[in-house]
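Visitor: This is upload06.pdb (PDB, C-alpha atoms, pLDDT in the B column).
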ATOM      1  CA  MET Z   1      97.871 104.906  84.538  1.00 94.00           C
ATOM      2  CA  ALA Z   2      95.820 105.870  87.577  1.00 98.00           C
ATOM      3  CA  SER Z   3      95.369 109.585  88.127  1.00 98.00           C
ATOM      4  CA  ALA Z   4      97.158 111.404  90.940  1.00 98.00           C
ATOM      5  CA  ASP Z   5      93.756 112.003  92.566  1.00 98.00           C
ATOM      6  CA  ASP Z   6      92.933 108.279  92.443  1.00 98.00           C
ATOM      7  CA  ILE Z   7      96.312 107.435  93.954  1.00 98.00           C
ATOM      8  CA  ARG Z   8      95.811 109.995  96.741  1.00 98.00           C
ATOM      9  CA  SER Z   9      92.377 108.475  97.360  1.00 98.00           C
ATOM     10  CA  THR Z  10      93.897 105.004  97.747  1.00 98.00           C
ATOM     11  CA  VAL Z  11      96.512 106.378 100.153  1.00 98.00           C
ATOM     12  CA  SER Z  12      93.685 107.904 102.201  1.00 98.00           C
ATOM     13  CA  LYS Z  13      91.725 104.627 102.136  1.00 98.00           C
ATOM     14  CA  TYR Z  14      94.875 102.782 103.179  1.00 98.00           C
ATOM     15  CA  LEU Z  15      95.407 105.015 106.211  1.00 98.00           C
ATOM     16  CA  ASP Z  16      91.708 104.754 107.124  1.00 98.00           C
ATOM     17  CA  ALA Z  17      91.861 100.951 106.877  1.00 98.00           C
ATOM     18  CA  VAL Z  18      95.075 100.723 108.917  1.00 98.00           C
ATOM     19  CA  GLY Z  19      93.567 103.078 111.488  1.00 97.00           C
ATOM     20  CA  GLY Z  20      90.108 101.630 111.798  1.00 94.00           C
ATOM     21  CA  GLY Z  21      89.561  98.706 109.490  1.00 96.00           C
ATOM     22  CA  THR Z  22      90.539  95.072 109.439  1.00 96.00           C
ATOM     23  CA  SER Z  23      93.498  93.323 107.879  1.00 97.00           C
ATOM     24  CA  ALA Z  24      91.130  92.223 105.084  1.00 97.00           C
ATOM     25  CA  ASP Z  25      90.179  95.876 104.453  1.00 98.00           C
ATOM     26  CA  VAL Z  26      93.843  96.827 104.091  1.00 98.00           C
ATOM     27  CA  ALA Z  27      94.697  93.831 101.905  1.00 98.00           C
ATOM     28  CA  ALA Z  28      91.746  94.595  99.598  1.00 98.00           C
ATOM     29  CA  LEU Z  29      93.543  97.776  98.504  1.00 98.00           C
ATOM     30  CA  TYR Z  30      96.417  95.710  97.077  1.00 98.00           C
ATOM     31  CA  ALA Z  31      96.617  94.029  93.667  1.00 98.00           C
ATOM     32  CA  ASP Z  32      96.528  90.218  93.774  1.00 98.00           C
ATOM     33  CA  ASP Z  33     100.274  89.864  93.108  1.00 98.00           C
ATOM     34  CA  ALA Z  34     101.435  92.908  95.078  1.00 98.00           C
ATOM     35  CA  THR Z  35     104.605  93.007  97.143  1.00 98.00           C
ATOM     36  CA  LEU Z  36     105.138  94.436 100.620  1.00 98.00           C
ATOM     37  CA  GLU Z  37     108.500  95.186 102.259  1.00 98.00           C
ATOM     38  CA  ASP Z  38     107.956  96.519 105.779  1.00 98.00           C
ATOM     39  CA  PRO Z  39     110.447  97.712 106.823  1.00 98.00           C
ATOM     40  CA  VAL Z  40     112.782  98.033 103.854  1.00 98.00           C
ATOM     41  CA  GLY Z  41     115.466  95.383 104.145  1.00 98.00           C
ATOM     42  CA  THR Z  42     113.147  92.592 105.291  1.00 98.00           C
ATOM     43  CA  GLU Z  43     112.058  89.764 103.022  1.00 98.00           C
ATOM     44  CA  PRO Z  44     109.281  91.057 100.740  1.00 98.00           C
ATOM     45  CA  LEU Z  45     105.890  89.425 101.064  1.00 98.00           C
ATOM     46  CA  VAL Z  46     104.119  88.535  97.829  1.00 98.00           C
ATOM     47  CA  GLY Z  47     100.382  88.254  97.224  1.00 98.00           C
ATOM     48  CA  ARG Z  48      97.255  89.498  98.908  1.00 97.00           C
ATOM     49  CA  GLU Z  49      96.978  86.506 101.283  1.00 97.00           C
ATOM     50  CA  ALA Z  50     100.479  87.063 102.706  1.00 98.00           C
ATOM     51  CA  ILE Z  51      99.793  90.797 102.931  1.00 98.00           C
ATOM     52  CA  GLU Z  52      96.543  90.253 104.844  1.00 98.00           C
ATOM     53  CA  LYS Z  53      98.366  87.945 107.263  1.00 98.00           C
ATOM     54  CA  PHE Z  54     101.008  90.668 107.817  1.00 98.00           C
ATOM     55  CA  TYR Z  55      98.348  93.260 108.727  1.00 98.00           C
ATOM     56  CA  SER Z  56      96.440  90.831 110.989  1.00 97.00           C
ATOM     57  CA  ALA Z  57      98.538  92.042 113.937  1.00 91.00           C
ATOM     58  CA  LEU Z  58      96.518  95.272 113.762  1.00 90.00           C
ATOM     59  CA  ASP Z  59      93.208  93.447 114.244  1.00 93.00           C
ATOM     60  CA  ALA Z  60      93.774  93.081 118.002  1.00 90.00           C
ATOM     61  CA  VAL Z  61      94.896  96.630 118.837  1.00 94.00           C
ATOM     62  CA  GLN Z  62      93.615 100.200 118.618  1.00 95.00           C
ATOM     63  CA  VAL Z  63      95.346 102.173 115.875  1.00 97.00           C
ATOM     64  CA  LYS Z  64      95.147 105.823 114.855  1.00 97.00           C
ATOM     65  CA  THR Z  65      96.761 107.186 111.699  1.00 98.00           C
ATOM     66  CA  GLU Z  66      97.478 110.709 110.510  1.00 98.00           C
ATOM     67  CA  LEU Z  67      98.771 111.692 107.089  1.00 98.00           C
ATOM     68  CA  LEU Z  68     101.585 114.224 107.454  1.00 98.00           C
ATOM     69  CA  ASN Z  69     102.670 114.633 103.830  1.00 98.00           C
ATOM     70  CA  VAL Z  70     102.128 112.950 100.453  1.00 98.00           C
ATOM     71  CA  ARG Z  71     103.771 113.282  97.049  1.00 98.00           C
ATOM     72  CA  VAL Z  72     102.552 111.626  93.856  1.00 98.00           C
ATOM     73  CA  ALA Z  73     104.537 111.286  90.637  1.00 98.00           C
ATOM     74  CA  GLY Z  74     103.485 108.966  87.823  1.00 98.00           C
ATOM     75  CA  ASP Z  75     102.348 105.657  89.303  1.00 98.00           C
ATOM     76  CA  THR Z  76     104.148 106.240  92.639  1.00 98.00           C
ATOM     77  CA  ALA Z  77     103.254 107.863  95.947  1.00 98.00           C
ATOM     78  CA  ALA Z  78     105.594 108.602  98.830  1.00 99.00           C
ATOM     79  CA  PHE Z  79     103.948 109.617 102.065  1.00 98.00           C
ATOM     80  CA  HIS Z  80     104.938 110.384 105.629  1.00 98.00           C
ATOM     81  CA  PHE Z  81     102.400 109.496 108.291  1.00 98.00           C
ATOM     82  CA  ARG Z  82     102.004 108.845 111.987  1.00 98.00           C
ATOM     83  CA  VAL Z  83     100.729 105.587 113.441  1.00 97.00           C
ATOM     84  CA  VAL Z  84      99.776 105.443 117.116  1.00 98.00           C
ATOM     85  CA  THR Z  85      99.056 101.938 118.383  1.00 96.00           C
ATOM     86  CA  ASP Z  86      97.462 101.284 121.775  1.00 95.00           C
ATOM     87  CA  THR Z  87      98.045  97.697 122.859  1.00 90.00           C
ATOM     88  CA  GLY Z  88      96.248  98.174 126.174  1.00 89.00           C
ATOM     89  CA  GLU Z  89      99.578  97.958 127.980  1.00 91.00           C
ATOM     90  CA  GLN Z  90     101.505 100.645 126.104  1.00 95.00           C
ATOM     91  CA  THR Z  91     101.281 103.198 123.325  1.00 97.00           C
ATOM     92  CA  ILE Z  92     103.624 102.840 120.356  1.00 97.00           C
ATOM     93  CA  THR Z  93     104.183 105.724 117.936  1.00 98.00           C
ATOM     94  CA  ILE Z  94     106.018 105.556 114.637  1.00 97.00           C
ATOM     95  CA  GLU Z  95     106.235 107.923 111.671  1.00 97.00           C
ATOM     96  CA  PRO Z  96     107.244 105.848 108.638  1.00 98.00           C
ATOM     97  CA  ILE Z  97     107.596 106.972 105.066  1.00 98.00           C
ATOM     98  CA  ASP Z  98     105.863 104.564 102.693  1.00 98.00           C
ATOM     99  CA  VAL Z  99     106.603 104.371  98.995  1.00 99.00           C
ATOM    100  CA  MET Z 100     103.859 102.693  96.961  1.00 99.00           C
ATOM    101  CA  THR Z 101     103.318 101.968  93.299  1.00 98.00           C
ATOM    102  CA  PHE Z 102      99.863 101.587  91.776  1.00 98.00           C
ATOM    103  CA  ASP Z 103      98.209  99.904  88.806  1.00 98.00           C
ATOM    104  CA  ASP Z 104      95.697 101.455  86.396  1.00 98.00           C
ATOM    105  CA  GLN Z 105      92.865 100.910  88.913  1.00 98.00           C
ATOM    106  CA  ALA Z 106      94.888 102.619  91.688  1.00 98.00           C
ATOM    107  CA  ARG Z 107      95.421  99.317  93.492  1.00 98.00           C
ATOM    108  CA  ILE Z 108      98.703  99.050  95.372  1.00 99.00           C
ATOM    109  CA  THR Z 109     101.231  96.954  93.426  1.00 98.00           C
ATOM    110  CA  SER Z 110     104.150  97.443  95.802  1.00 98.00           C
ATOM    111  CA  MET Z 111     104.730  98.983  99.197  1.00 98.00           C
ATOM    112  CA  ARG Z 112     108.072  99.704 100.832  1.00 98.00           C
ATOM    113  CA  ALA Z 113     108.040 101.164 104.355  1.00 98.00           C
ATOM    114  CA  VAL Z 114     111.062 103.202 105.372  1.00 98.00           C
ATOM    115  CA  TRP Z 115     111.622 103.116 109.130  1.00 98.00           C
ATOM    116  CA  SER Z 116     113.831 101.439 111.729  1.00 97.00           C
ATOM    117  CA  GLN Z 117     113.677 100.614 115.431  1.00 96.00           C
ATOM    118  CA  ASP Z 118     115.188 104.051 116.111  1.00 96.00           C
ATOM    119  CA  ASP Z 119     111.990 105.624 114.774  1.00 95.00           C
ATOM    120  CA  ILE Z 120     109.691 104.029 117.367  1.00 97.00           C
ATOM    121  CA  SER Z 121     108.690 105.740 120.601  1.00 97.00           C
ATOM    122  CA  PHE Z 122     106.876 104.165 123.534  1.00 96.00           C
ATOM    123  CA  GLY Z 123     104.537 105.816 125.961  1.00 90.00           C
TER     124      GLY Z 123
END
Before anything else, please render the file you have as structure tokens.
Guide:
Amino acid sequence: MASADDIRSTVSKYLDAVGGGTSADVAALYADDATLEDPVGTEPLVGREAIEKFYSALDAVQVKTELLNVRVAGDTAAFHFRVVTDTGEQTITIEPIDVMTFDDQARITSMRAVWSQDDISFG
């Protein structure tokens, strides 16, 4: 099992990649057969290729992320963070809670994002 420090490091790399990297950078943090459900209740995506395609929407916008809180237990992390997206026409802010599981190399094996339309603000 990955250590809590390694899992926290992956969470930090994830937020850095979402905030300033490419969709390929984000997808590289996932295991090959990982799943992504964002938001919870949508059809889960399976595999790194599908996950990279999901994050490709971020490639065309400016994104800032800020970790607000993280908890690690066993192979799982739950973290609350802020994402501010500038599309050029508007600013979108959301504060999801992500729950991720990790493999022995601290690669993400599953991600479930807890948020709804009610959690989005526009500026």
Visitor: For the structure provided, state which residues fall under the PyMOL selection byres ((chain Z and resi 30-46) around 10), and present them as a PyMOL selection string.
Guide: chain Z and resi 10+14+25-29+47-54+96-103+105-117
Visitor: Could you take the residues named above and write them with C-alpha atoms, as a compact mmCIF listing (two decimals), in the frame of the given file?
Guide:
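The new file again26.txt reads:
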# COMPACT_ATOMS: atom_id res chain seq x y z
CA THR Z 10 93.90 105.00 97.75
CA TYR Z 14 94.88 102.78 103.18
CA ASP Z 25 90.18 95.88 104.45
CA VAL Z 26 93.84 96.83 104.09
CA ALA Z 27 94.70 93.83 101.90
CA ALA Z 28 91.75 94.60 99.60
CA LEU Z 29 93.54 97.78 98.50
CA GLY Z 47 100.38 88.25 97.22
CA ARG Z 48 97.26 89.50 98.91
CA GLU Z 49 96.98 86.51 101.28
CA ALA Z 50 100.48 87.06 102.71
CA ILE Z 51 99.79 90.80 102.93
CA GLU Z 52 96.54 90.25 104.84
CA LYS Z 53 98.37 87.94 107.26
CA PHE Z 54 101.01 90.67 107.82
CA PRO Z 96 107.24 105.85 108.64
CA ILE Z 97 107.60 106.97 105.07
CA ASP Z 98 105.86 104.56 102.69
CA VAL Z 99 106.60 104.37 99.00
CA MET Z 100 103.86 102.69 96.96
CA THR Z 101 103.32 101.97 93.30
CA PHE Z 102 99.86 101.59 91.78
CA ASP Z 103 98.21 99.90 88.81
CA GLN Z 105 92.86 100.91 88.91
CA ALA Z 106 94.89 102.62 91.69
CA ARG Z 107 95.42 99.32 93.49
CA ILE Z 108 98.70 99.05 95.37
CA THR Z 109 101.23 96.95 93.43
CA SER Z 110 104.15 97.44 95.80
CA MET Z 111 104.73 98.98 99.20
CA ARG Z 112 108.07 99.70 100.83
CA ALA Z 113 108.04 101.16 104.36
CA VAL Z 114 111.06 103.20 105.37
CA TRP Z 115 111.62 103.12 109.13
CA SER Z 116 113.83 101.44 111.73
CA GLN Z 117 113.68 100.61 115.43
Visitor: Closest to Leu15 (chain Z) among Z:His80, Z:Asp75, Z:Ser56, Z:Val61, using all atoms listed in the file?
Guide: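 Checking each of Z:His80, Z:Asp75, Z:Ser56, Z:Val61 against Leu15 (chain Z), counting all atoms listed in the file, the winner is Z:His80.
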Visitor: Any chance you could work out the residue set of the PyMOL selection byres ((chain Z and resi 74) around 8) here, as a PyMOL selection string?
Guide: chain Z and resi 1+4+72-73+75-76
Visitor: Leaving out region 119-121 of chain Z and any residue of its chain fewer than 6 positions from it, which residues lie within 7 Å of it when counting only C-alpha atoms, given as a list in words?
Guide: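 Skipping anything fewer than 6 positions along the chain leaves Ile92, Thr93, Ile94 and Glu95 of chain Z.
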Visitor: Kindly give the distance, in Å, that separates CA of Glu66 (chain Z) and CA of Thr85 (chain Z), rounded to a single decimal.
Guide: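 Distance reported for this atom pair: 11.9 Å.
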Visitor: On this file, the PyMOL selection byres ((chain Z and resi 70) around 9) gives some set of residues; write that set as a PyMOL selection string.
Guide: chain Z and resi 8+11+67-69+71-72+77-81
Visitor: One number please: CA of Lys13 (chain Z) to CA of Asp118 (chain Z), in Å, one decimal.
Guide: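 Separation between CA of Lys13 (chain Z) and CA of Asp118 (chain Z): 27.3 Å.
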Visitor: Excluding Gly88 (chain Z) and its own-chain neighbours fewer than 2 positions away, which residues fall within 12 Å of it when counting only C-alpha atoms? Please give them as a list of chain:residue names.
Guide: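 The residues satisfying every condition are Z:Ala60, Z:Val61, Z:Gln62, Z:Val63, Z:Thr85, Z:Asp86, Z:Gln90, Z:Thr91, Z:Ile92, Z:Gly123.
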Visitor: Put region 94-106 of chain Z into a file with all heavy atoms, as a tab-separated table (two decimals), in the first residue's frame.
Guide:
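And here's result35.tsv as it stands now:
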chain	number	residue	atom	x	y	z
Z	94	ILE	N	-15.92	26.49	-8.17
Z	94	ILE	CA	-16.56	25.32	-7.57
Z	94	ILE	C	-15.64	24.77	-6.50
Z	94	ILE	O	-14.41	24.87	-6.63
Z	94	ILE	CB	-16.90	24.25	-8.64
Z	94	ILE	CG1	-17.67	23.09	-8.00
Z	94	ILE	CG2	-15.67	23.79	-9.37
Z	94	ILE	CD1	-18.29	22.16	-9.01
Z	95	GLU	N	-16.21	24.21	-5.46
Z	95	GLU	CA	-15.44	23.61	-4.37
Z	95	GLU	C	-15.90	22.17	-4.16
Z	95	GLU	O	-16.65	21.87	-3.24
Z	95	GLU	CB	-15.59	24.43	-3.08
Z	95	GLU	CG	-14.95	25.79	-3.16
Z	95	GLU	CD	-14.97	26.55	-1.85
Z	95	GLU	OE1	-15.37	25.97	-0.81
Z	95	GLU	OE2	-14.58	27.73	-1.86
Z	96	PRO	N	-15.44	21.26	-5.01
Z	96	PRO	CA	-15.85	19.86	-4.88
Z	96	PRO	C	-15.11	19.16	-3.75
Z	96	PRO	O	-14.10	19.66	-3.22
Z	96	PRO	CB	-15.47	19.25	-6.22
Z	96	PRO	CG	-14.31	20.08	-6.68
Z	96	PRO	CD	-14.57	21.47	-6.17
Z	97	ILE	N	-15.61	18.01	-3.40
Z	97	ILE	CA	-14.90	17.08	-2.53
Z	97	ILE	C	-14.65	15.84	-3.38
Z	97	ILE	O	-15.59	15.23	-3.89
Z	97	ILE	CB	-15.71	16.72	-1.28
Z	97	ILE	CG1	-15.92	17.97	-0.42
Z	97	ILE	CG2	-15.00	15.62	-0.48
Z	97	ILE	CD1	-16.87	17.78	0.75
Z	98	ASP	N	-13.37	15.51	-3.58
Z	98	ASP	CA	-13.01	14.34	-4.35
Z	98	ASP	C	-12.62	13.22	-3.39
Z	98	ASP	O	-11.97	13.45	-2.37
Z	98	ASP	CB	-11.82	14.62	-5.27
Z	98	ASP	CG	-12.22	15.38	-6.53
Z	98	ASP	OD1	-13.39	15.80	-6.65
Z	98	ASP	OD2	-11.34	15.57	-7.40
Z	99	VAL	N	-13.03	12.02	-3.75
Z	99	VAL	CA	-12.62	10.82	-3.02
Z	99	VAL	C	-11.87	9.95	-4.02
Z	99	VAL	O	-12.42	9.58	-5.06
Z	99	VAL	CB	-13.84	10.07	-2.44
Z	99	VAL	CG1	-13.38	8.81	-1.71
Z	99	VAL	CG2	-14.64	10.98	-1.51
Z	100	MET	N	-10.60	9.67	-3.70
Z	100	MET	CA	-9.74	8.89	-4.59
Z	100	MET	C	-9.19	7.68	-3.87
Z	100	MET	O	-8.92	7.75	-2.67
Z	100	MET	CB	-8.56	9.72	-5.08
Z	100	MET	CG	-8.89	10.87	-5.97
Z	100	MET	SD	-7.38	11.75	-6.47
Z	100	MET	CE	-8.04	12.81	-7.72
Z	101	THR	N	-9.01	6.60	-4.63
Z	101	THR	CA	-8.27	5.45	-4.12
Z	101	THR	C	-6.98	5.35	-4.94
Z	101	THR	O	-6.90	5.86	-6.07
Z	101	THR	CB	-9.07	4.14	-4.22
Z	101	THR	OG1	-9.44	3.92	-5.58
Z	101	THR	CG2	-10.31	4.20	-3.33
Z	102	PHE	N	-5.99	4.68	-4.34
Z	102	PHE	CA	-4.64	4.65	-4.92
Z	102	PHE	C	-4.07	3.23	-4.88
Z	102	PHE	O	-4.39	2.45	-3.98
Z	102	PHE	CB	-3.72	5.59	-4.12
Z	102	PHE	CG	-4.16	7.02	-4.14
Z	102	PHE	CD1	-5.13	7.46	-3.25
Z	102	PHE	CD2	-3.64	7.91	-5.06
Z	102	PHE	CE1	-5.57	8.78	-3.28
Z	102	PHE	CE2	-4.08	9.22	-5.10
Z	102	PHE	CZ	-5.04	9.66	-4.20
Z	103	ASP	N	-3.20	2.95	-5.85
Z	103	ASP	CA	-2.51	1.66	-5.86
Z	103	ASP	C	-1.19	1.76	-5.07
Z	103	ASP	O	-0.92	2.80	-4.45
Z	103	ASP	CB	-2.29	1.16	-7.29
Z	103	ASP	CG	-1.35	2.02	-8.13
Z	103	ASP	OD1	-0.63	2.90	-7.58
Z	103	ASP	OD2	-1.33	1.83	-9.36
Z	104	ASP	N	-0.40	0.72	-5.12
Z	104	ASP	CA	0.85	0.68	-4.35
Z	104	ASP	C	1.86	1.74	-4.78
Z	104	ASP	O	2.74	2.10	-4.00
Z	104	ASP	CB	1.50	-0.70	-4.44
Z	104	ASP	CG	0.72	-1.77	-3.70
Z	104	ASP	OD1	-0.15	-1.41	-2.87
Z	104	ASP	OD2	0.96	-2.96	-3.96
Z	105	GLN	N	1.75	2.22	-6.01
Z	105	GLN	CA	2.65	3.27	-6.52
Z	105	GLN	C	2.03	4.67	-6.37
Z	105	GLN	O	2.53	5.63	-6.95
Z	105	GLN	CB	3.01	3.02	-7.99
Z	105	GLN	CG	3.95	1.84	-8.20
Z	105	GLN	CD	3.20	0.52	-8.14
Z	105	GLN	OE1	2.13	0.37	-8.70
Z	105	GLN	NE2	3.75	-0.45	-7.42
Z	106	ALA	N	0.95	4.77	-5.62
Z	106	ALA	CA	0.23	6.02	-5.38
Z	106	ALA	C	-0.35	6.61	-6.66
Z	106	ALA	O	-0.53	7.80	-6.79
Z	106	ALA	CB	1.10	7.05	-4.65
